[in-house]
Structures are given as structure tokens and as C-alpha cells.
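Trainee: If it helps, the file is called my_file-v7.txt and holds compact mmCIF, C-alpha atoms and all ligand atoms:
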```txt
# COMPACT_ATOMS: atom_id res chain seq x y z
CA MET A 1414 -61.33 -27.17 65.83
CA ARG A 1415 -62.27 -30.67 64.67
CA ILE A 1416 -62.71 -32.39 61.31
CA LEU A 1417 -66.25 -33.64 60.56
CA ILE A 1418 -65.81 -34.45 56.86
CA ASP A 1419 -62.58 -34.88 54.90
CA GLU A 1420 -62.88 -36.32 51.41
CA LEU A 1421 -59.34 -35.16 50.60
CA GLY A 1422 -57.10 -36.32 53.43
CA GLY A 1423 -59.01 -38.98 55.41
CA ARG A 1424 -58.50 -37.14 58.71
CA VAL A 1425 -62.10 -37.35 59.95
CA GLY A 1426 -62.35 -37.21 63.74
CA GLU A 1427 -59.11 -35.32 64.35
CA THR A 1428 -59.49 -32.62 67.00
CA ASP A 1429 -57.52 -29.66 68.35
CA LEU A 1430 -56.25 -28.67 64.91
CA ASP A 1431 -53.34 -26.23 65.10
CA ALA A 1432 -52.08 -23.78 62.47
CA ASP A 1433 -49.90 -26.44 60.75
CA ASP A 1434 -52.88 -28.85 60.57
CA LEU A 1435 -55.00 -26.13 58.95
CA VAL A 1436 -52.33 -25.57 56.29
CA GLU A 1437 -52.49 -29.31 55.44
CA VAL A 1438 -56.30 -29.33 55.44
CA TYR A 1439 -56.57 -26.30 53.10
CA ARG A 1440 -53.81 -27.07 50.55
CA PRO A 1441 -54.82 -26.16 46.98
CA LEU A 1442 -55.64 -29.23 44.87
CA ARG A 1443 -54.07 -28.06 41.60
CA SER A 1444 -52.25 -25.15 40.04
CA PRO A 1445 -53.56 -22.68 39.13
CA TRP A 1446 -56.12 -22.77 41.94
CA TRP A 1447 -58.57 -19.90 42.42
CA ARG A 1448 -60.72 -19.93 45.51
CA ILE A 1449 -62.90 -17.57 47.44
CA ASN A 1450 -63.29 -17.33 51.20
CA MET A 1451 -66.49 -15.88 52.64
CA VAL A 1452 -68.36 -15.81 55.94
CA SER A 1453 -72.12 -15.99 56.45
CA THR A 1454 -74.59 -16.11 59.32
CA VAL A 1455 -77.03 -19.03 59.59
CA ASP A 1456 -79.71 -16.79 58.05
CA GLY A 1457 -77.49 -16.22 55.03
CA SER A 1458 -76.20 -12.72 55.70
CA ALA A 1459 -72.76 -11.58 54.51
CA THR A 1460 -72.69 -8.67 56.95
CA GLY A 1461 -73.74 -7.90 60.50
CA ALA A 1462 -75.04 -4.84 62.29
CA SER A 1463 -72.03 -2.73 61.28
CA GLY A 1464 -72.81 -3.35 57.61
CA ARG A 1465 -69.47 -5.14 57.27
CA SER A 1466 -68.35 -8.74 57.62
CA GLY A 1467 -66.16 -7.75 60.60
CA SER A 1468 -69.22 -7.89 62.85
CA ILE A 1469 -70.01 -11.55 62.06
CA ASN A 1470 -66.63 -13.26 61.93
CA ASN A 1471 -65.01 -14.96 64.91
CA GLY A 1472 -61.83 -16.70 66.04
CA ALA A 1473 -62.36 -19.89 64.02
CA ASP A 1474 -63.05 -17.85 60.88
CA LYS A 1475 -59.95 -15.72 61.47
CA ALA A 1476 -57.77 -18.83 61.86
CA VAL A 1477 -58.92 -20.15 58.46
CA PHE A 1478 -58.70 -16.66 56.93
CA GLU A 1479 -55.02 -16.51 57.96
CA THR A 1480 -54.37 -20.06 56.74
CA LEU A 1481 -55.83 -19.30 53.32
CA ARG A 1482 -53.76 -16.12 53.08
CA ALA A 1483 -50.64 -18.09 53.97
CA LEU A 1484 -51.35 -20.53 51.12
CA ALA A 1485 -52.03 -17.80 48.54
CA ASP A 1486 -49.70 -16.23 45.96
CA ALA A 1487 -52.08 -13.27 45.67
CA ILE A 1488 -55.28 -11.90 47.22
CA LEU A 1489 -58.01 -10.84 44.81
CA VAL A 1490 -60.50 -8.34 46.18
CA GLY A 1491 -63.31 -6.18 44.85
CA ALA A 1492 -62.80 -2.45 45.24
CA GLY A 1493 -65.99 -2.19 47.32
CA THR A 1494 -64.63 -4.58 49.94
CA ALA A 1495 -61.19 -2.94 49.89
CA ARG A 1496 -62.87 0.42 50.54
CA ASP A 1497 -65.37 -0.79 53.16
CA GLU A 1498 -62.91 -2.95 55.08
CA GLY A 1499 -59.95 -0.53 54.81
CA TYR A 1500 -57.66 -3.02 53.08
CA GLY A 1501 -53.91 -2.47 53.48
CA PRO A 1502 -50.97 -4.31 51.91
CA ALA A 1503 -50.49 -7.99 52.84
CA GLU A 1504 -47.66 -10.54 52.75
CA VAL A 1505 -48.59 -11.32 49.14
CA PRO A 1506 -49.77 -8.95 46.40
CA ILE A 1507 -53.30 -7.59 46.66
CA VAL A 1508 -55.03 -7.65 43.26
CA LEU A 1509 -57.74 -5.01 43.33
CA VAL A 1510 -60.63 -5.40 40.87
CA SER A 1511 -62.33 -2.15 39.89
CA ARG A 1512 -64.23 -0.85 36.86
CA ARG A 1513 -63.60 2.76 37.78
CA GLY A 1514 -59.93 2.16 38.53
CA HIS A 1515 -59.48 4.15 41.72
CA VAL A 1516 -57.07 2.74 44.30
CA PRO A 1517 -58.23 3.33 47.91
CA GLU A 1518 -55.91 5.52 49.97
CA THR A 1519 -55.05 2.61 52.29
CA LEU A 1520 -53.42 0.80 49.34
CA ARG A 1521 -52.04 3.72 47.33
CA ASP A 1522 -48.71 4.11 49.12
CA ALA A 1523 -47.84 0.41 49.25
CA PRO A 1524 -44.40 -0.62 47.96
CA ARG A 1525 -44.33 -1.17 44.17
CA GLY A 1526 -45.71 -4.60 43.30
CA ALA A 1527 -47.59 -5.03 46.59
CA VAL A 1528 -50.79 -3.85 44.92
CA LEU A 1529 -51.96 -4.73 41.39
CA LEU A 1530 -55.05 -3.25 39.82
CA ALA A 1531 -57.26 -5.09 37.32
CA THR A 1532 -59.40 -2.50 35.61
CA THR A 1533 -61.03 -1.38 32.37
CA ALA A 1534 -59.67 0.48 29.34
CA GLY A 1535 -61.97 3.44 30.00
CA ALA A 1536 -61.50 3.58 33.78
CA GLU A 1537 -61.66 7.12 35.10
CA GLY A 1538 -58.83 6.49 37.55
CA LEU A 1539 -56.52 4.76 35.06
CA ALA A 1540 -53.82 7.43 34.66
CA GLU A 1541 -53.71 8.20 38.38
CA SER A 1542 -53.51 4.51 39.31
CA ARG A 1543 -50.74 3.87 36.80
CA ALA A 1544 -48.77 6.71 38.38
CA ALA A 1545 -49.40 5.41 41.92
CA LEU A 1546 -48.83 1.68 41.36
CA GLY A 1547 -46.51 1.60 38.34
CA GLU A 1548 -47.64 0.94 34.77
CA GLU A 1549 -46.71 -2.76 34.96
CA ASN A 1550 -48.97 -3.22 37.99
CA VAL A 1551 -52.14 -2.05 36.27
CA ILE A 1552 -53.74 -4.81 34.20
CA VAL A 1553 -56.25 -3.82 31.53
CA THR A 1554 -58.05 -6.68 29.80
CA GLY A 1555 -60.58 -4.68 27.75
CA ASP A 1556 -63.71 -2.61 28.27
CA GLU A 1557 -64.67 -4.92 31.15
CA VAL A 1558 -62.39 -6.78 33.55
CA ASP A 1559 -62.06 -10.15 31.82
CA LEU A 1560 -61.60 -12.44 34.83
CA ALA A 1561 -60.60 -15.46 32.70
CA ALA A 1562 -57.91 -13.40 30.99
CA LEU A 1563 -56.82 -12.09 34.40
CA ARG A 1564 -56.37 -15.67 35.60
CA GLY A 1565 -53.94 -16.21 32.71
CA VAL A 1566 -52.07 -12.94 33.25
CA LEU A 1567 -51.58 -13.66 36.97
CA ALA A 1568 -50.43 -17.24 36.29
CA GLU A 1569 -47.83 -15.90 33.83
CA ARG A 1570 -46.52 -13.73 36.67
CA GLY A 1571 -46.25 -16.77 38.97
CA LEU A 1572 -49.42 -15.92 40.88
CA SER A 1573 -51.25 -19.24 40.54
CA SER A 1574 -52.75 -19.82 43.96
CA VAL A 1575 -55.23 -16.97 44.12
CA LEU A 1576 -57.47 -16.28 47.11
CA SER A 1577 -60.44 -14.01 46.61
CA GLU A 1578 -61.83 -12.40 49.74
CA GLY A 1579 -64.94 -11.13 47.97
CA GLY A 1580 -67.10 -9.21 48.18
CA PRO A 1581 -70.52 -10.38 47.07
CA SER A 1582 -70.58 -8.73 43.66
CA LEU A 1583 -67.08 -9.90 42.70
CA PHE A 1584 -68.02 -13.39 43.94
CA ALA A 1585 -70.98 -13.55 41.54
CA ASP A 1586 -68.82 -12.31 38.66
CA LEU A 1587 -66.13 -14.92 39.39
CA VAL A 1588 -68.80 -17.62 39.22
CA ALA A 1589 -70.26 -16.19 35.99
CA ALA A 1590 -66.77 -16.13 34.44
CA ASP A 1591 -66.20 -19.77 35.51
CA VAL A 1592 -62.80 -19.05 37.03
CA LEU A 1593 -63.36 -20.35 40.55
CA ASP A 1594 -62.10 -23.78 41.59
CA GLU A 1595 -63.26 -23.68 45.18
CA VAL A 1596 -65.54 -21.93 47.64
CA CYS A 1597 -64.49 -21.77 51.30
CA LEU A 1598 -67.30 -20.67 53.56
CA THR A 1599 -67.60 -20.14 57.28
CA VAL A 1600 -71.11 -20.31 58.74
CA VAL A 1601 -71.22 -18.59 62.12
CA PRO A 1602 -73.89 -19.54 64.69
CA GLN A 1603 -75.74 -16.24 64.52
CA LEU A 1604 -78.94 -14.77 63.10
CA VAL A 1605 -78.99 -11.11 62.10
CA GLY A 1606 -82.31 -10.62 60.26
CA GLY A 1607 -82.52 -7.22 58.58
CA GLU A 1608 -81.77 -6.42 54.96
CA HIS A 1609 -78.21 -7.58 54.50
CA PRO A 1610 -76.54 -8.85 51.30
CA ARG A 1611 -75.96 -12.55 50.66
CA ILE A 1612 -72.40 -13.69 49.96
CA ALA A 1613 -72.96 -13.60 46.17
CA THR A 1614 -75.11 -10.92 44.55
CA GLY A 1615 -75.23 -10.81 40.76
CA PRO A 1616 -76.16 -12.94 37.76
CA ASP A 1617 -78.23 -16.10 38.36
CA THR A 1618 -76.27 -19.31 38.28
CA ALA A 1619 -76.82 -23.04 38.82
CA THR A 1620 -73.28 -24.07 39.67
CA PRO A 1621 -72.97 -27.44 41.42
CA LEU A 1622 -70.51 -27.71 44.30
CA ARG A 1623 -69.03 -30.75 46.02
CA LEU A 1624 -68.36 -30.59 49.76
CA THR A 1625 -64.83 -31.87 50.37
CA THR A 1626 -64.07 -30.73 53.91
CA LEU A 1627 -66.07 -29.64 56.94
CA LEU A 1628 -64.57 -28.37 60.18
CA GLU A 1629 -66.33 -27.32 63.37
CA GLN A 1630 -65.48 -25.18 66.36
CA ASP A 1631 -68.01 -24.10 69.01
CA GLY A 1632 -70.90 -24.29 66.55
CA THR A 1633 -69.06 -22.53 63.71
CA LEU A 1634 -68.89 -24.63 60.52
CA LEU A 1635 -66.04 -24.14 58.08
CA GLY A 1636 -66.32 -25.87 54.70
CA ARG A 1637 -64.46 -26.35 51.44
CA TRP A 1638 -66.59 -26.89 48.33
CA SER A 1639 -65.04 -27.74 44.94
CA VAL A 1640 -66.72 -26.25 41.89
CA GLU A 1641 -68.00 -29.15 39.78
CA ARG A 1642 -67.31 -28.93 36.05
CA PRO A 1643 -68.65 -31.43 33.53
CA GLY A 1644 -66.09 -33.82 32.03
N1 LIG B 1 -69.27 -12.02 54.30
C1 LIG B 1 -68.14 -11.96 53.66
O1 LIG B 1 -67.40 -12.95 53.60
C2 LIG B 1 -67.73 -10.70 52.96
C3 LIG B 1 -66.56 -10.67 52.20
C4 LIG B 1 -66.20 -9.49 51.57
C5 LIG B 1 -66.99 -8.35 51.72
N2 LIG B 1 -68.10 -8.43 52.47
C6 LIG B 1 -68.95 -7.22 52.63
O2 LIG B 1 -69.51 -6.89 51.37
C7 LIG B 1 -69.70 -5.48 51.31
C8 LIG B 1 -69.19 -4.96 49.99
O3 LIG B 1 -69.97 -5.53 48.95
P1 LIG B 1 -69.71 -5.24 47.41
O4 LIG B 1 -70.61 -6.09 46.61
O5 LIG B 1 -69.63 -3.78 47.19
O6 LIG B 1 -68.24 -5.78 47.30
P2 LIG B 1 -67.21 -5.97 46.12
O7 LIG B 1 -67.62 -7.02 45.15
O8 LIG B 1 -65.92 -6.13 46.80
O9 LIG B 1 -67.18 -4.54 45.42
C9 LIG B 1 -67.93 -4.10 44.35
C10 LIG B 1 -67.01 -3.17 43.59
O10 LIG B 1 -65.84 -3.90 43.22
C11 LIG B 1 -65.54 -3.69 41.86
N3 LIG B 1 -65.89 -4.89 41.13
C12 LIG B 1 -66.52 -6.01 41.59
N4 LIG B 1 -66.63 -6.92 40.61
C13 LIG B 1 -66.06 -6.36 39.52
C14 LIG B 1 -65.86 -6.82 38.19
N5 LIG B 1 -66.28 -8.02 37.78
N6 LIG B 1 -65.23 -6.01 37.33
C15 LIG B 1 -64.80 -4.78 37.72
N7 LIG B 1 -64.96 -4.29 38.95
C16 LIG B 1 -65.58 -5.09 39.86
C17 LIG B 1 -66.34 -2.47 41.45
O11 LIG B 1 -65.55 -1.38 41.91
P3 LIG B 1 -65.56 0.11 41.39
O12 LIG B 1 -66.77 0.71 42.03
O13 LIG B 1 -64.29 0.68 41.97
O14 LIG B 1 -65.59 0.09 39.91
C18 LIG B 1 -67.62 -2.66 42.29
O15 LIG B 1 -68.30 -1.44 42.48
C19 LIG B 1 -69.02 -4.90 52.51
O16 LIG B 1 -70.01 -4.61 53.47
C20 LIG B 1 -68.16 -6.03 53.04
O17 LIG B 1 -68.01 -5.99 54.44
C21 LIG B 1 -68.52 -9.56 53.08
```
Mind converting the file's structure to C-alpha cells?
Ligand SMILES: NC(=O)c1ccc[n+]([C@@H]2O[C@H](COP(=O)([O-])OP(=O)(O)OC[C@H]3O[C@@H](n4cnc5c(N)ncnc54)[C@H](OP(=O)(O)O)[C@@H]3O)[C@@H](O)[C@H]2O)c1
Mentor:
Amino acid sequence: MRILIDELGGRVGETDLDADDLVEVYRPLRSPWWRINMVSTVDGSATGASGRSGSINNGADKAVFETLRALADAILVGAGTARDEGYGPAEVPIVLVSRRGHVPETLRDAPRGAVLLATTAGAEGLAESRAALGEENVIVTGDEVDLAALRGVLAERGLSSVLSEGGPSLFADLVAADVLDEVCLTVVPQLVGGEHPRIATGPDTATPLRLTTLLEQDGTLLGRWSVERPG
């Protein structure tokens, strides 16, 4: 992997990046720092033939995926992605976002504290999830999941570097709630056509981004974009 653009560290031109280099390249810029990591084809698809992102990612994407996980205090994921991708526990807590409040089986038996649930006051799965995860691990911020409030609650628990792994509908909601500091995106050299979702599907937005880093490996582009806020 090589560095094509680096507005943050001045390492343009470096090649053969190893795992330690990637950790330096992807360090969060502040605390708290909320970012999302997504993968897309050149024709803008978030999924491949399998209907999941697993059929479009590749080795370069996986290397950055692992780096971002290693730099995170918690992983924030929409329940749809956790279900579709069969999420299990990770090295850091998984924070599952769900209106209905059901915890997928693959996460239900995790050790206490390994899975947190952010859900709604009226969630149908609330009582069951409290029993499975522990009352203190179920965060209710109102009739909707208030993502700005969640950012505060997680920071109070020492979870300040938060990596969202999507999916597309949670991504759009994170943008609408103005809680994202950074978008990390891998563009794989592939076209898939068809009727696949884009990486963000939800409310319209006109959020400016600033490209800070661009890496390349075998035609795969891996970028960091900071979310631009006025002032
Ligand atoms: N290309 C990529 O980088 C990438 C990344 C991740 C996923 N994906 C793909 O995306 C697909 C899944 O898409 P998706 O849109 O269903 O994913 P998603 O955003 O992970 O899941 C949607 C579900 O998550 C919960 N949710 C999302 N936002 C919420 C909010 N603001 N408040 C409360 N609950 C919220 C709801 O769960 P409940 O139904 O439980 O209430 C909602 O039905 C899969 O095919 C996956 O492979 C692609």
C-alpha cells in the first residue's frame, strides 16, 4: 500500500505500508472522535452479488478495517448489518443500534459488557435485551435513538474513539444527527451494476467533506475525509 495524499502527516510517496504504519496514518484527530468505515464499488454499490459487503471487499480493505478496529474504543453498528453480516463480539464493545431492540443470536451470549444496545423506550425487545445484556448495557435515549445523546453517554463511559461499520441507513442517520467527524471509504476496482444500495441511504444532506488521506493498493483507493463544520 502507498500514500498518494497525506494532509495530516506529510508522508506522501511512502510505499509498502505495514500494520504499524497504518495505525499512524489512521490515528483519530481529536477526542471524542466518531468515524465510519465503508466500502464501495466504482459504480457506487455498497454490496456485491451476495447482497452483502463481504463480496466486494478485498485484502487492502481488510487491512484498514482491522486498523480502524484496533484504534477504536467501541464499534457502532446498525442492527441490519449485525444481522446480515453475522456480527460476533470483538476486542472492544459492540454498540448495536436498533429501534426494535432485538439482539441477534450471534451477539446475545457475549460476556457482559461486550455488547451494548442503543434502543428506544418502546422497543419490543427491550425487556429481553435487558435480561440478556444486563440493564446497564442497554441505553435508552427516548422514543428514538438520539445519536447525539448516545455520543455523550459513550464518552462518559470512556468510549470516545467510536468506529461505525454502517450500514447504509445508520450512516445516513449519523450524518443527519451531525455526530460524525470522519468518513473512511474504500473504493474497490469493481463494477457490479444491478440494484444495490449506496453506502448511505436516508435523509438528503449537503455535508461538505475534506479529503485528508488517500492510500492505494492494486487499484483500490482508501481515503479519509473529515466532516467540515462551519466555524
Ligand atoms: N459497503 C459497506 O461498507 C457496508 C457496511 C455495512 C453494511 N453493508 C450492507 O448493508 C446492508 C444492510 O443495510 P441496512 O441499511 O439494513 O443496515 P443498517 O443501517 O445496519 O441497519 C438498519 C437497521 O439498523 C437499525 N437502525 C439503523 N439506524 C438506526 C437509528 N438511527 N435508530 C435506531 N435503529 C437504527 C434498525 O434496526 P431494527 O430493525 O432492529 O430496529 C434498522 O432496521 C447489508 O447488506 C450489509 O452487507 C455494507
Trainee: Excluding Leu1417 (chain A) and any residue of its chain fewer than 5 positions from it, enumerate the residues within 7 Å of it, using all atoms listed in the file, and give them as an mmCIF file with C-alpha atoms, keeping the file's coordinate frame.
Mentor:
```
data_model
loop_
_atom_site.group_PDB
_atom_site.id
_atom_site.type_symbol
_atom_site.label_atom_id
_atom_site.label_comp_id
_atom_site.auth_asym_id
_atom_site.auth_seq_id
_atom_site.Cartn_x
_atom_site.Cartn_y
_atom_site.Cartn_z
ATOM 1 C CA VAL A 1425 -62.100 -37.350 59.950
ATOM 2 C CA GLY A 1426 -62.350 -37.210 63.740
ATOM 3 C CA LEU A 1627 -66.070 -29.640 56.940
ATOM 4 C CA LEU A 1628 -64.570 -28.370 60.180
ATOM 5 C CA GLU A 1629 -66.330 -27.320 63.370
#
```
Trainee: Just want the 10 Å neighbourhood of Ala1476 (chain A), counted on all atoms listed in the file, with same-chain residues fewer than 5 positions away dropped. Output as a ChimeraX atom specification.
Mentor: /A:1414,1431-1432,1435,1471,1481
Trainee: Between A:Gln1630, A:Ser1542, A:Thr1480, A:Thr1599, which residue has the minimum interatomic distance to ligand LIG 1 (chain B), considering all atoms listed in the file?
Mentor: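 Distance minimum relative to ligand LIG 1 (chain B) lands on A:Thr1599.
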Trainee: Name the residues in contact with Thr1460 (chain A) at a cut-off of 10 Å, using only C-alpha atoms, excluding same-chain residues fewer than 5 positions from it; report them as a PyMOL selection string.
Mentor: chain A and resi 1452-1454+1465-1470+1605+1608-1612
Trainee: Would you save the residues from that selection as a PDB file, keeping the file's coordinate frame, using C-alpha atoms?
Mentor:
```pdb
ATOM      1  CA  VAL A1452     -68.360 -15.810  55.940  1.00  0.00           C
ATOM      2  CA  SER A1453     -72.120 -15.990  56.450  1.00  0.00           C
ATOM      3  CA  THR A1454     -74.590 -16.110  59.320  1.00  0.00           C
ATOM      4  CA  ARG A1465     -69.470  -5.140  57.270  1.00  0.00           C
ATOM      5  CA  SER A1466     -68.350  -8.740  57.620  1.00  0.00           C
ATOM      6  CA  GLY A1467     -66.160  -7.750  60.600  1.00  0.00           C
ATOM      7  CA  SER A1468     -69.220  -7.890  62.850  1.00  0.00           C
ATOM      8  CA  ILE A1469     -70.010 -11.550  62.060  1.00  0.00           C
ATOM      9  CA  ASN A1470     -66.630 -13.260  61.930  1.00  0.00           C
ATOM     10  CA  VAL A1605     -78.990 -11.110  62.100  1.00  0.00           C
ATOM     11  CA  GLU A1608     -81.770  -6.420  54.960  1.00  0.00           C
ATOM     12  CA  HIS A1609     -78.210  -7.580  54.500  1.00  0.00           C
ATOM     13  CA  PRO A1610     -76.540  -8.850  51.300  1.00  0.00           C
ATOM     14  CA  ARG A1611     -75.960 -12.550  50.660  1.00  0.00           C
ATOM     15  CA  ILE A1612     -72.400 -13.690  49.960  1.00  0.00           C
TER      16      ILE A1612
END
```
Trainee: So, counting all atoms listed in the file, which residue among A:Pro1524, A:Pro1445, A:Gly1491, A:Gly1538 is closest to ligand LIG 1 (chain B)?
Mentor: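 Of the candidates, the smallest distance to ligand LIG 1 (chain B) is held by A:Gly1491.
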Trainee: Taking a cut-off of 12 Å and counting only C-alpha atoms, can you build a table that, for each residue of region 1493-1517 of chain A near region 1575-1595 of chain A, reports the nearest atom pair and how far apart they are in Å (one decimal), sorted by chain then residue number, as CSV?
Mentor:
```
residue,atom,partner,partner_atom,distance
A:Gly1493,CA,A:Gly1580,CA,7.2
A:Thr1494,CA,A:Gly1580,CA,5.5
A:Ala1495,CA,A:Gly1580,CA,8.8
A:Arg1496,CA,A:Gly1580,CA,10.8
A:Asp1497,CA,A:Gly1580,CA,9.9
A:Glu1498,CA,A:Gly1580,CA,10.2
A:Tyr1500,CA,A:Glu1578,CA,10.8
A:Val1505,CA,A:Val1575,CA,10.1
A:Pro1506,CA,A:Val1575,CA,10.0
A:Ile1507,CA,A:Ser1577,CA,9.6
A:Val1508,CA,A:Ser1577,CA,9.0
A:Leu1509,CA,A:Ser1577,CA,10.0
A:Val1510,CA,A:Leu1583,CA,8.1
A:Ser1511,CA,A:Leu1583,CA,9.5
A:Arg1512,CA,A:Leu1583,CA,11.1
```
Trainee: Between CA of Ala1485 (chain A) and CA of Leu1598 (chain A), what is the distance, to one decimal in Å?
Mentor: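 Separating CA of Ala1485 (chain A) from CA of Leu1598 (chain A) is a distance of 16.3 Å.
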